[in-house]
>>> print(open('run-v9.txt').read())   # compact mmCIF, C-alpha atoms and all ligand atoms
# COMPACT_ATOMS: atom_id res chain seq x y z
CA MET A 85 23.71 13.23 26.32
CA PRO A 86 23.39 10.43 23.71
CA LEU A 87 19.95 9.99 22.14
CA ASP A 88 17.70 7.44 23.82
CA THR A 89 17.33 4.68 21.23
CA THR A 90 15.76 2.14 23.58
CA SER A 91 12.14 3.33 23.83
CA HIS A 92 9.24 2.31 21.57
CA ASP A 93 9.14 5.82 20.07
CA VAL A 94 11.47 6.74 17.25
CA PRO A 95 14.25 8.94 18.71
CA VAL A 96 14.33 12.52 17.45
CA ALA A 97 17.57 14.39 16.81
CA ARG A 98 17.24 18.18 16.68
CA THR A 99 20.87 18.88 15.92
CA ILE A 100 23.31 17.80 13.25
CA PHE A 101 25.76 16.94 16.03
CA ASP A 102 23.37 14.44 17.65
CA MET A 103 22.47 12.83 14.32
CA ARG A 104 26.11 12.48 13.30
CA GLU A 105 27.07 10.92 16.61
CA LEU A 106 24.42 8.22 16.20
CA VAL A 107 25.30 7.64 12.53
CA ALA A 108 28.98 7.24 13.49
CA ARG A 109 27.97 4.60 16.05
CA TRP A 110 25.87 2.82 13.43
CA HIS A 111 28.65 2.89 10.87
CA GLY A 112 31.06 1.58 13.53
CA ALA A 113 28.70 -1.36 13.98
CA GLY A 114 28.65 -2.04 10.22
CA GLU A 115 25.14 -0.72 9.56
CA LYS A 116 24.09 0.66 6.16
CA VAL A 117 22.38 4.00 6.76
CA ALA A 118 19.69 5.54 4.54
CA LEU A 119 18.29 9.06 4.65
CA VAL A 120 14.74 9.77 3.51
CA PRO A 121 14.39 13.58 3.36
CA THR A 122 10.84 14.89 3.78
CA MET A 123 8.98 18.02 4.74
CA GLY A 124 6.67 15.95 6.97
CA ALA A 125 2.90 15.49 6.59
CA LEU A 126 3.85 11.92 5.90
CA HIS A 127 1.69 9.62 3.79
CA ALA A 128 2.06 6.15 2.30
CA GLY A 129 4.24 7.57 -0.49
CA HIS A 130 6.89 8.57 2.03
CA LEU A 131 6.70 5.19 3.75
CA SER A 132 7.25 3.53 0.36
CA LEU A 133 10.58 5.41 0.10
CA ILE A 134 11.65 3.72 3.33
CA ARG A 135 10.86 0.38 1.71
CA VAL A 136 13.01 1.30 -1.29
CA ALA A 137 15.92 1.97 1.08
CA LYS A 138 15.41 -1.31 2.94
CA ASP A 139 15.14 -3.25 -0.34
CA LYS A 140 18.52 -1.74 -1.27
CA GLY A 141 20.04 -3.15 1.92
CA ALA A 142 19.75 -0.20 4.31
CA THR A 143 19.66 -1.41 7.90
CA LYS A 144 19.14 1.96 9.61
CA ILE A 145 16.68 4.57 8.36
CA ILE A 146 16.74 8.28 9.13
CA VAL A 147 13.69 10.29 8.10
CA SER A 148 14.31 14.01 8.11
CA ILE A 149 11.36 16.34 8.65
CA PHE A 150 12.07 19.95 7.79
CA VAL A 151 9.85 22.45 6.00
CA ASN A 152 12.59 24.22 4.12
CA PRO A 153 11.87 27.95 3.80
CA THR A 154 14.33 28.58 0.96
CA GLN A 155 12.51 26.38 -1.55
CA PHE A 156 9.24 28.33 -1.25
CA GLY A 157 8.81 31.43 -3.40
CA PRO A 158 7.02 34.63 -2.37
CA GLY A 159 3.26 33.99 -2.05
CA GLU A 160 3.70 30.20 -1.87
CA ASP A 161 2.42 28.08 1.03
CA TYR A 162 5.45 28.05 3.38
CA GLU A 163 3.46 29.33 6.37
CA ALA A 164 0.44 27.15 5.62
CA TYR A 165 2.40 23.97 4.80
CA PRO A 166 1.07 21.21 7.07
CA ARG A 167 3.29 20.63 10.14
CA THR A 168 2.28 17.38 11.79
CA GLU A 169 5.36 16.12 13.61
CA ALA A 170 3.50 14.17 16.34
CA SER A 171 1.42 12.13 13.88
CA ASP A 172 4.41 11.77 11.54
CA ALA A 173 6.41 10.30 14.44
CA GLU A 174 3.62 7.78 15.12
CA LYS A 175 3.63 6.68 11.47
CA LEU A 176 7.36 6.05 11.67
CA VAL A 177 7.24 3.65 14.64
CA GLY A 178 8.63 0.34 13.40
CA GLN A 179 9.67 2.01 10.11
CA ALA A 180 12.49 4.39 10.94
CA ASP A 181 15.37 4.38 13.42
CA LEU A 182 15.80 8.13 13.74
CA ILE A 183 13.83 11.27 12.98
CA PHE A 184 15.95 14.30 12.21
CA ALA A 185 13.75 17.33 12.89
CA PRO A 186 15.89 20.45 13.15
CA ASN A 187 14.57 23.97 13.44
CA ALA A 188 15.37 26.64 10.86
CA ALA A 189 18.22 28.08 12.98
CA GLU A 190 19.96 24.69 13.00
CA MET A 191 19.92 24.49 9.21
CA TYR A 192 20.34 28.22 8.48
CA PRO A 193 22.17 29.69 11.50
CA THR A 194 22.65 33.44 11.82
CA GLY A 195 25.15 34.55 9.20
CA TYR A 196 24.39 31.62 6.88
CA ALA A 197 25.58 32.66 3.40
CA THR A 198 25.93 29.61 1.16
CA ALA A 199 23.72 28.30 -1.64
CA VAL A 200 23.99 25.36 -4.00
CA SER A 201 22.76 26.05 -7.51
CA VAL A 202 22.36 23.39 -10.20
CA SER A 203 21.98 24.56 -13.79
CA GLY A 204 20.90 22.64 -16.90
CA VAL A 205 18.14 20.35 -15.77
CA THR A 206 16.67 23.07 -13.51
CA ASN A 207 16.32 25.65 -16.30
CA THR A 208 12.92 24.43 -17.45
CA LEU A 209 9.47 23.32 -16.16
CA GLU A 210 9.42 23.82 -12.36
CA GLY A 211 12.51 26.00 -12.70
CA GLU A 212 10.55 28.38 -14.95
CA ALA A 213 7.39 28.30 -12.86
CA ARG A 214 9.27 28.64 -9.52
CA PRO A 215 12.57 30.42 -10.28
CA THR A 216 14.17 30.12 -6.80
CA HIS A 217 12.82 26.67 -5.96
CA PHE A 218 15.66 24.39 -7.04
CA ASP A 219 18.37 26.51 -5.43
CA GLY A 220 16.49 26.07 -2.17
CA VAL A 221 16.08 22.33 -2.73
CA ALA A 222 19.71 21.75 -3.79
CA THR A 223 21.00 23.77 -0.85
CA ILE A 224 18.99 21.99 1.82
CA VAL A 225 19.47 18.54 0.32
CA ALA A 226 23.25 19.07 0.07
CA LYS A 227 23.25 20.15 3.70
CA LEU A 228 21.10 17.21 4.80
CA LEU A 229 23.28 14.73 2.90
CA ILE A 230 26.48 16.15 4.36
CA ALA A 231 24.93 16.32 7.82
CA ALA A 232 23.61 12.76 7.82
CA GLN A 233 26.58 11.07 6.15
CA ALA A 234 24.19 8.33 5.06
CA ASP A 235 25.17 5.68 2.53
CA CYS A 236 22.09 6.24 0.42
CA ALA A 237 19.18 8.66 0.19
CA VAL A 238 15.77 8.18 -1.39
CA PHE A 239 13.62 10.73 -3.25
CA GLY A 240 10.21 10.21 -4.83
CA GLU A 241 9.78 10.19 -8.60
CA LYS A 242 6.68 12.35 -8.24
CA ASP A 243 9.07 15.28 -8.08
CA TYR A 244 10.92 13.91 -11.08
CA GLN A 245 12.82 17.10 -11.93
CA GLN A 246 13.87 17.38 -8.29
CA LEU A 247 15.24 13.82 -8.42
CA LEU A 248 17.27 14.62 -11.56
CA THR A 249 18.53 17.83 -9.93
CA ILE A 250 19.66 16.02 -6.79
CA ARG A 251 21.37 13.30 -8.83
CA GLN A 252 23.24 15.98 -10.80
CA MET A 253 24.22 17.82 -7.61
CA ALA A 254 25.45 14.67 -5.84
CA ARG A 255 27.45 13.70 -8.95
CA ASP A 256 28.96 17.17 -9.42
CA LEU A 257 29.94 17.54 -5.77
CA ALA A 258 31.15 13.92 -5.54
CA LEU A 259 29.00 13.40 -2.47
CA PRO A 260 29.66 9.90 -1.14
CA VAL A 261 26.01 8.86 -1.19
CA GLU A 262 23.89 6.77 -3.55
CA ILE A 263 20.77 8.64 -4.73
CA LEU A 264 17.80 6.33 -5.20
CA GLY A 265 14.42 7.10 -6.79
CA GLY A 266 11.16 5.69 -5.46
CA PRO A 267 8.21 5.06 -7.79
CA ILE A 268 5.13 7.29 -7.45
CA LEU A 269 2.54 5.91 -5.04
CA ARG A 270 -1.03 6.50 -6.19
CA GLU A 271 -4.48 6.65 -4.61
CA PRO A 272 -7.01 4.04 -5.83
CA ASP A 273 -8.13 6.39 -8.65
CA GLY A 274 -4.52 6.97 -9.67
CA LEU A 275 -3.98 10.44 -8.16
CA ALA A 276 -0.31 10.72 -7.19
CA MET A 277 -0.01 10.91 -3.39
CA SER A 278 1.05 14.33 -2.14
CA SER A 279 0.96 16.18 1.17
CA ARG A 280 -0.83 19.01 -0.65
CA ASN A 281 -3.79 16.82 -1.77
CA ILE A 282 -5.45 17.67 1.58
CA TYR A 283 -6.15 21.15 0.19
CA LEU A 284 -8.57 19.73 -2.43
CA THR A 285 -12.34 20.12 -1.93
CA PRO A 286 -14.38 16.96 -2.73
CA GLY A 287 -15.27 18.29 -6.21
CA GLU A 288 -11.67 19.22 -6.97
CA ARG A 289 -10.51 15.86 -5.63
CA ALA A 290 -12.77 14.04 -8.10
CA ALA A 291 -11.40 16.07 -11.04
CA ALA A 292 -7.82 15.67 -9.77
CA GLY A 293 -8.24 11.90 -10.08
CA LYS A 294 -8.56 12.34 -13.86
CA LEU A 295 -5.14 13.97 -14.20
CA ASN A 296 -3.24 10.67 -14.25
CA ILE A 297 -5.74 9.13 -16.66
CA ILE A 298 -5.32 11.98 -19.15
CA LEU A 299 -1.56 11.76 -18.74
CA ARG A 300 -1.54 8.01 -19.36
CA GLU A 301 -3.82 8.30 -22.40
CA THR A 302 -1.57 11.00 -23.85
CA ALA A 303 1.53 8.88 -23.17
CA THR A 304 -0.08 5.93 -24.93
CA ALA A 305 -1.13 8.11 -27.88
CA VAL A 306 2.38 9.45 -28.46
CA THR A 307 3.93 6.00 -28.04
CA ASN A 308 1.57 4.90 -30.80
CA GLY A 309 2.75 7.69 -33.08
CA ALA A 310 0.39 10.61 -32.33
CA ASP A 311 1.88 14.05 -32.94
CA ILE A 312 3.31 15.15 -29.56
CA SER A 313 2.33 18.78 -29.87
CA SER A 314 -1.32 18.12 -30.78
CA ALA A 315 -1.67 15.31 -28.21
CA THR A 316 -0.36 17.49 -25.36
CA GLU A 317 -2.49 20.49 -26.44
CA LYS A 318 -5.57 18.23 -26.46
CA ALA A 319 -4.69 16.98 -22.96
CA LYS A 320 -4.33 20.54 -21.65
CA THR A 321 -7.77 21.46 -23.02
CA ARG A 322 -9.28 18.40 -21.33
CA LEU A 323 -7.80 19.50 -17.99
CA LEU A 324 -9.14 23.03 -18.35
CA ASP A 325 -12.57 21.60 -19.26
CA LEU A 326 -12.47 19.49 -16.09
CA GLY A 327 -12.02 22.58 -13.90
CA PHE A 328 -8.24 22.93 -13.64
CA SER A 329 -7.63 26.68 -13.54
CA GLN A 330 -4.13 26.68 -15.00
CA VAL A 331 -1.85 24.18 -16.74
CA ASP A 332 1.75 25.37 -16.27
CA TYR A 333 3.03 22.60 -18.50
CA LEU A 334 2.01 19.27 -19.91
CA THR A 335 4.92 18.17 -21.99
CA VAL A 336 6.99 15.28 -23.29
CA ARG A 337 10.69 15.49 -22.50
CA ASP A 338 13.93 13.56 -22.70
CA THR A 339 14.02 11.32 -19.65
CA GLU A 340 17.53 12.38 -18.55
CA THR A 341 17.93 16.01 -19.65
CA LEU A 342 14.29 17.13 -19.78
CA ALA A 343 15.02 18.70 -23.17
CA PRO A 344 11.92 19.03 -25.37
CA ILE A 345 11.51 16.27 -27.97
CA ASP A 346 9.26 15.97 -30.98
CA ALA A 347 9.37 12.22 -31.54
CA ILE A 348 9.66 9.18 -29.29
CA THR A 349 12.93 7.67 -30.47
CA LYS A 350 14.30 6.95 -26.99
CA PRO A 351 12.83 6.71 -23.49
CA ALA A 352 10.94 9.88 -22.63
CA ARG A 353 8.87 11.28 -19.79
CA ILE A 354 5.54 13.05 -19.85
CA LEU A 355 5.26 15.65 -17.09
CA VAL A 356 2.46 17.92 -15.92
CA ALA A 357 1.95 20.72 -13.42
CA ALA A 358 -1.60 22.01 -13.17
CA LYS A 359 -3.54 24.00 -10.64
CA ILE A 360 -6.94 23.01 -9.32
CA GLY A 361 -8.37 24.94 -6.39
CA LYS A 362 -5.53 25.75 -4.01
CA PRO A 363 -2.90 23.15 -4.88
CA ARG A 364 -0.72 22.87 -7.92
CA LEU A 365 -0.55 19.16 -8.75
CA LEU A 366 2.49 17.49 -10.29
CA ASP A 367 2.56 14.12 -12.00
CA ASN A 368 4.72 12.34 -14.54
CA MET A 369 5.22 8.96 -16.12
CA ALA A 370 7.62 7.13 -18.38
CA ILE A 371 6.96 6.86 -22.11
CA GLU A 372 8.45 3.75 -23.62
CA VAL A 373 9.74 3.54 -27.16
CA LYS A 374 7.64 1.21 -29.28
CA SER A 375 9.89 -1.48 -30.68
O1 LIG B 401 10.52 16.61 -1.75
C1 LIG B 401 10.54 17.22 -0.65
O2 LIG B 401 9.76 16.92 0.26
C2 LIG B 401 11.54 18.34 -0.44
O3 LIG B 401 11.74 19.06 -1.61
C3 LIG B 401 12.88 17.83 0.14
C4 LIG B 401 13.59 16.90 -0.81
C5 LIG B 401 12.64 17.14 1.47
C6 LIG B 401 13.81 19.04 0.39
O4 LIG B 401 13.25 19.94 1.27
>>> encode(input="run-v9.txt", output="structure tokens")
Amino acid sequence: MPLDTTSHDVPVARTIFDMRELVARWHGAGEKVALVPTMGALHAGHLSLIRVAKDKGATKIIVSIFVNPTQFGPGEDYEAYPRTEASDAEKLVGQADLIFAPNAAEMYPTGYATAVSVSGVTNTLEGEARPTHFDGVATIVAKLLIAAQADCAVFGEKDYQQLLTIRQMARDLALPVEILGGPILREPDGLAMSSRNIYLTPGERAAAGKLNIILRETATAVTNGADISSATEKAKTRLLDLGFSQVDYLTVRDTETLAPIDAITKPARILVAAKIGKPRLLDNMAIEVKS
């Protein structure tokens, strides 16, 4: 039976077949279709990705909600990851035209045996801290992109290395989809929005709000000629002093390859992953070259 697209609620497709049928109808009617892949627990950052798609001319928006088991490592929060489909669906009224919310058996049916693995840009940072993570991300995103057959797909810059990985994968596999990045959305104190921020206690939340400030100050210092290694070491110490329990990396990298750099001679990126309380927070920002 075709999906009911007439009610006030956003229709939900549980199968690739149902989603494809609707997308084929949309394409037949000349619509430009965007996919916004998410793991749910939607916040304003996700909704901003929908705006990016609309600004780029998308006329139909699919938001996928799937907590992808293969991108979580042993001991990570797969089981505990917030699953809030009913409230997510409410947030998407008037924003999206379809929710794709498959179960694990739809995406990884019995006998599933394929993985997509991107090398190069994944060999560092998150790839070192979470060795199986990007294979899981590349595999599910490839499957979602092929399943949805959308014209474009939007990913947040908060997961900057993920965005570069997906761009590489889409390029290498010649997937007929435009990959768009959406700027990081921040809370009033500058903390990058994330579904995992709900794990922070009030004290941790206050300290977490300083992460972006320290990152920005370090970015400004290196733009102005400070030694990158001493500036990043100083920033790590400040985070530990604030109550962060672990800084996996705080580093300045080439903006395209994520290779380490020791001087700002072309556009670069400062990236951090640091643990406070339960969550591991990620943030990053551009470092401009001083002309
Ligand atoms: O960024 C996320 O929420 C996930 O990694 C993604 C892209 C939806 C793949 O599961």
>>> closest_residue(input="run-v9.txt", among="A:Gly265, A:Pro158, A:Pro186, A:Gly114", to="Lys227 of chain A", atoms="all atoms listed in the file")
A:Pro186
>>> residues_around(input="run-v9.txt", residues="segment 91-97 of chain A", least_positions_apart="5", cutoff="7 Å", atoms="only C-alpha atoms", output="PyMOL selection string")
chain A and resi 102-103+173+176-177+180-185
>>> write_last_selection(input="run-v9.txt", atoms="C-alpha atoms", output="mmCIF file, in the coordinates of the input")
data_model
loop_
_atom_site.group_PDB
_atom_site.id
_atom_site.type_symbol
_atom_site.label_atom_id
_atom_site.label_comp_id
_atom_site.auth_asym_id
_atom_site.auth_seq_id
_atom_site.Cartn_x
_atom_site.Cartn_y
_atom_site.Cartn_z
ATOM 1 C CA ASP A 102 23.370 14.440 17.650
ATOM 2 C CA MET A 103 22.470 12.830 14.320
ATOM 3 C CA ALA A 173 6.410 10.300 14.440
ATOM 4 C CA LEU A 176 7.360 6.050 11.670
ATOM 5 C CA VAL A 177 7.240 3.650 14.640
ATOM 6 C CA ALA A 180 12.490 4.390 10.940
ATOM 7 C CA ASP A 181 15.370 4.380 13.420
ATOM 8 C CA LEU A 182 15.800 8.130 13.740
ATOM 9 C CA ILE A 183 13.830 11.270 12.980
ATOM 10 C CA PHE A 184 15.950 14.300 12.210
ATOM 11 C CA ALA A 185 13.750 17.330 12.890
#
>>> residues_near_ligand(input="run-v9.txt", ligand="ligand LIG 401 (chain B)", cutoff="8 Å", atoms="only C-alpha atoms and all ligand atoms", output="ChimeraX atom specification")
/A:120-124,148-152,155,220-222,224-225,239-240,243,246
>>> atom_distance(input="run-v9.txt", atom1="atom CA of Asp172 of chain A", atom2="atom CA of Ile100 of chain A")
19.9 Å
>>> axis_aligned_box(input="run-v9.txt", around="segment 206-214 of chain A", padding_each_side="8 Å", output="JSON")
{"center_x": 12.0, "center_y": 25.9, "center_z": -13.5, "size_x": 25.3, "size_y": 21.6, "size_z": 23.9}
>>> residues_around(input="run-v9.txt", residues="Thr335 of chain A", least_positions_apart="6", cutoff="12 Å", atoms="all atoms listed in the file", output="mmCIF file with C-alpha atoms, keeping the file's coordinate frame")
data_model
loop_
_atom_site.group_PDB
_atom_site.id
_atom_site.type_symbol
_atom_site.label_atom_id
_atom_site.label_comp_id
_atom_site.auth_asym_id
_atom_site.auth_seq_id
_atom_site.Cartn_x
_atom_site.Cartn_y
_atom_site.Cartn_z
ATOM 1 C CA THR A 208 12.920 24.430 -17.450
ATOM 2 C CA LEU A 209 9.470 23.320 -16.160
ATOM 3 C CA LEU A 299 -1.560 11.760 -18.740
ATOM 4 C CA THR A 302 -1.570 11.000 -23.850
ATOM 5 C CA ALA A 303 1.530 8.880 -23.170
ATOM 6 C CA VAL A 306 2.380 9.450 -28.460
ATOM 7 C CA ILE A 312 3.310 15.150 -29.560
ATOM 8 C CA SER A 313 2.330 18.780 -29.870
ATOM 9 C CA SER A 314 -1.320 18.120 -30.780
ATOM 10 C CA ALA A 315 -1.670 15.310 -28.210
ATOM 11 C CA THR A 316 -0.360 17.490 -25.360
ATOM 12 C CA GLU A 317 -2.490 20.490 -26.440
ATOM 13 C CA LYS A 318 -5.570 18.230 -26.460
ATOM 14 C CA ALA A 319 -4.690 16.980 -22.960
ATOM 15 C CA LYS A 320 -4.330 20.540 -21.650
ATOM 16 C CA LEU A 342 14.290 17.130 -19.780
ATOM 17 C CA ALA A 343 15.020 18.700 -23.170
ATOM 18 C CA PRO A 344 11.920 19.030 -25.370
ATOM 19 C CA ILE A 345 11.510 16.270 -27.970
ATOM 20 C CA ASP A 346 9.260 15.970 -30.980
ATOM 21 C CA ALA A 352 10.940 9.880 -22.630
ATOM 22 C CA ARG A 353 8.870 11.280 -19.790
ATOM 23 C CA ILE A 354 5.540 13.050 -19.850
ATOM 24 C CA LEU A 355 5.260 15.650 -17.090
ATOM 25 C CA VAL A 356 2.460 17.920 -15.920
ATOM 26 C CA ALA A 357 1.950 20.720 -13.420
ATOM 27 C CA ALA A 358 -1.600 22.010 -13.170
ATOM 28 C CA LEU A 366 2.490 17.490 -10.290
ATOM 29 C CA ASP A 367 2.560 14.120 -12.000
ATOM 30 C CA ASN A 368 4.720 12.340 -14.540
ATOM 31 C CA MET A 369 5.220 8.960 -16.120
ATOM 32 C CA ALA A 370 7.620 7.130 -18.380
ATOM 33 C CA ILE A 371 6.960 6.860 -22.110
#
>>> atom_distance(input="run-v9.txt", atom1="atom CA of Ile282 of chain A", atom2="atom CA of Ile268 of chain A")
17.4 Å
>>> atom_distance(input="run-v9.txt", atom1="atom CA of Thr285 of chain A", atom2="atom CA of Gly211 of chain A")
27.7 Å
>>> closest_residue(input="run-v9.txt", among="A:Ser201, A:Leu284, A:Lys138, A:Arg300", to="Leu257 of chain A", atoms="all atoms listed in the file")
A:Ser201
>>> closest_residue(input="run-v9.txt", among="A:Ile230, A:Ala292, A:Met277, A:Val205", to="Leu247 of chain A", atoms="all atoms listed in the file")
A:Val205
>>> closest_residue(input="run-v9.txt", among="A:Ala226, A:Ala254, A:Ala125, A:Ile348", to="Gly309 of chain A", atoms="only C-alpha atoms")
A:Ile348
>>> closest_residue(input="run-v9.txt", among="A:Lys242, A:Ser375, A:Glu262, A:Met191", to="Thr223 of chain A", atoms="all atoms listed in the file")
A:Met191
>>> closest_residue(input="run-v9.txt", among="A:Glu105, A:Leu323, A:Gln245, A:Asp311", to="Glu212 of chain A", atoms="all atoms listed in the file")
A:Gln245
>>> residues_around(input="run-v9.txt", residues="Cys236 of chain A", least_positions_apart="2", cutoff="6 Å", atoms="all atoms listed in the file", output="list of chain:residue names")
A:Ala118, A:Ala234, A:Val261, A:Glu262, A:Ile263
>>> decode(input="run-v9.txt", residues="segment 349-358 of chain A", atoms="all heavy atoms", output="compact mmCIF listing (two decimals), in the first residue's frame")
# COMPACT_ATOMS: atom_id res chain seq x y z
N THR A 349 49.96 27.96 6.61
CA THR A 349 50.29 28.56 5.32
C THR A 349 49.11 28.41 4.35
O THR A 349 49.11 28.98 3.29
CB THR A 349 51.52 27.87 4.71
OG1 THR A 349 51.27 26.46 4.70
CG2 THR A 349 52.78 28.17 5.50
N LYS A 350 48.15 27.59 4.71
CA LYS A 350 46.90 27.46 3.94
C LYS A 350 45.78 27.12 4.91
O LYS A 350 46.06 26.79 6.08
CB LYS A 350 47.07 26.42 2.84
CG LYS A 350 47.49 25.07 3.28
CD LYS A 350 47.68 24.17 2.06
CE LYS A 350 48.09 22.81 2.53
NZ LYS A 350 47.75 21.71 1.73
N PRO A 351 44.51 27.19 4.42
CA PRO A 351 43.41 26.99 5.37
C PRO A 351 43.56 25.69 6.16
O PRO A 351 43.91 24.65 5.62
CB PRO A 351 42.18 26.94 4.47
CG PRO A 351 42.56 27.71 3.26
CD PRO A 351 44.03 27.50 3.07
N ALA A 352 43.32 25.79 7.46
CA ALA A 352 43.52 24.64 8.34
C ALA A 352 42.29 24.50 9.23
O ALA A 352 41.36 25.32 9.17
CB ALA A 352 44.76 24.85 9.19
N ARG A 353 42.27 23.46 10.02
CA ARG A 353 41.14 23.19 10.91
C ARG A 353 41.70 22.84 12.27
O ARG A 353 42.67 22.06 12.35
CB ARG A 353 40.34 22.02 10.34
CG ARG A 353 38.93 21.94 10.82
CD ARG A 353 37.99 22.54 9.78
NE ARG A 353 36.68 22.71 10.37
CZ ARG A 353 35.72 23.45 9.84
NH1 ARG A 353 35.88 24.10 8.71
NH2 ARG A 353 34.56 23.57 10.44
N ILE A 354 41.13 23.37 13.32
CA ILE A 354 41.49 22.92 14.66
C ILE A 354 40.38 21.99 15.13
O ILE A 354 39.20 22.30 14.97
CB ILE A 354 41.73 24.11 15.61
CG1 ILE A 354 42.22 23.61 16.98
CG2 ILE A 354 40.52 24.99 15.78
CD1 ILE A 354 42.83 24.71 17.84
N LEU A 355 40.77 20.81 15.64
CA LEU A 355 39.77 19.81 16.02
C LEU A 355 40.08 19.30 17.42
O LEU A 355 41.25 19.15 17.79
CB LEU A 355 39.79 18.61 15.05
CG LEU A 355 39.62 18.91 13.57
CD1 LEU A 355 40.95 18.87 12.85
CD2 LEU A 355 38.66 17.92 12.93
N VAL A 356 39.01 19.00 18.16
CA VAL A 356 39.19 18.47 19.51
C VAL A 356 38.20 17.35 19.77
O VAL A 356 37.08 17.35 19.25
CB VAL A 356 39.00 19.60 20.57
CG1 VAL A 356 37.59 20.15 20.59
CG2 VAL A 356 39.38 19.11 21.96
N ALA A 357 38.66 16.36 20.56
CA ALA A 357 37.75 15.37 21.15
C ALA A 357 38.19 15.25 22.60
O ALA A 357 39.36 14.96 22.87
CB ALA A 357 37.87 14.03 20.45
N ALA A 358 37.26 15.50 23.51
CA ALA A 358 37.63 15.47 24.93
C ALA A 358 36.45 14.96 25.73
O ALA A 358 35.30 15.21 25.41
CB ALA A 358 38.02 16.87 25.40
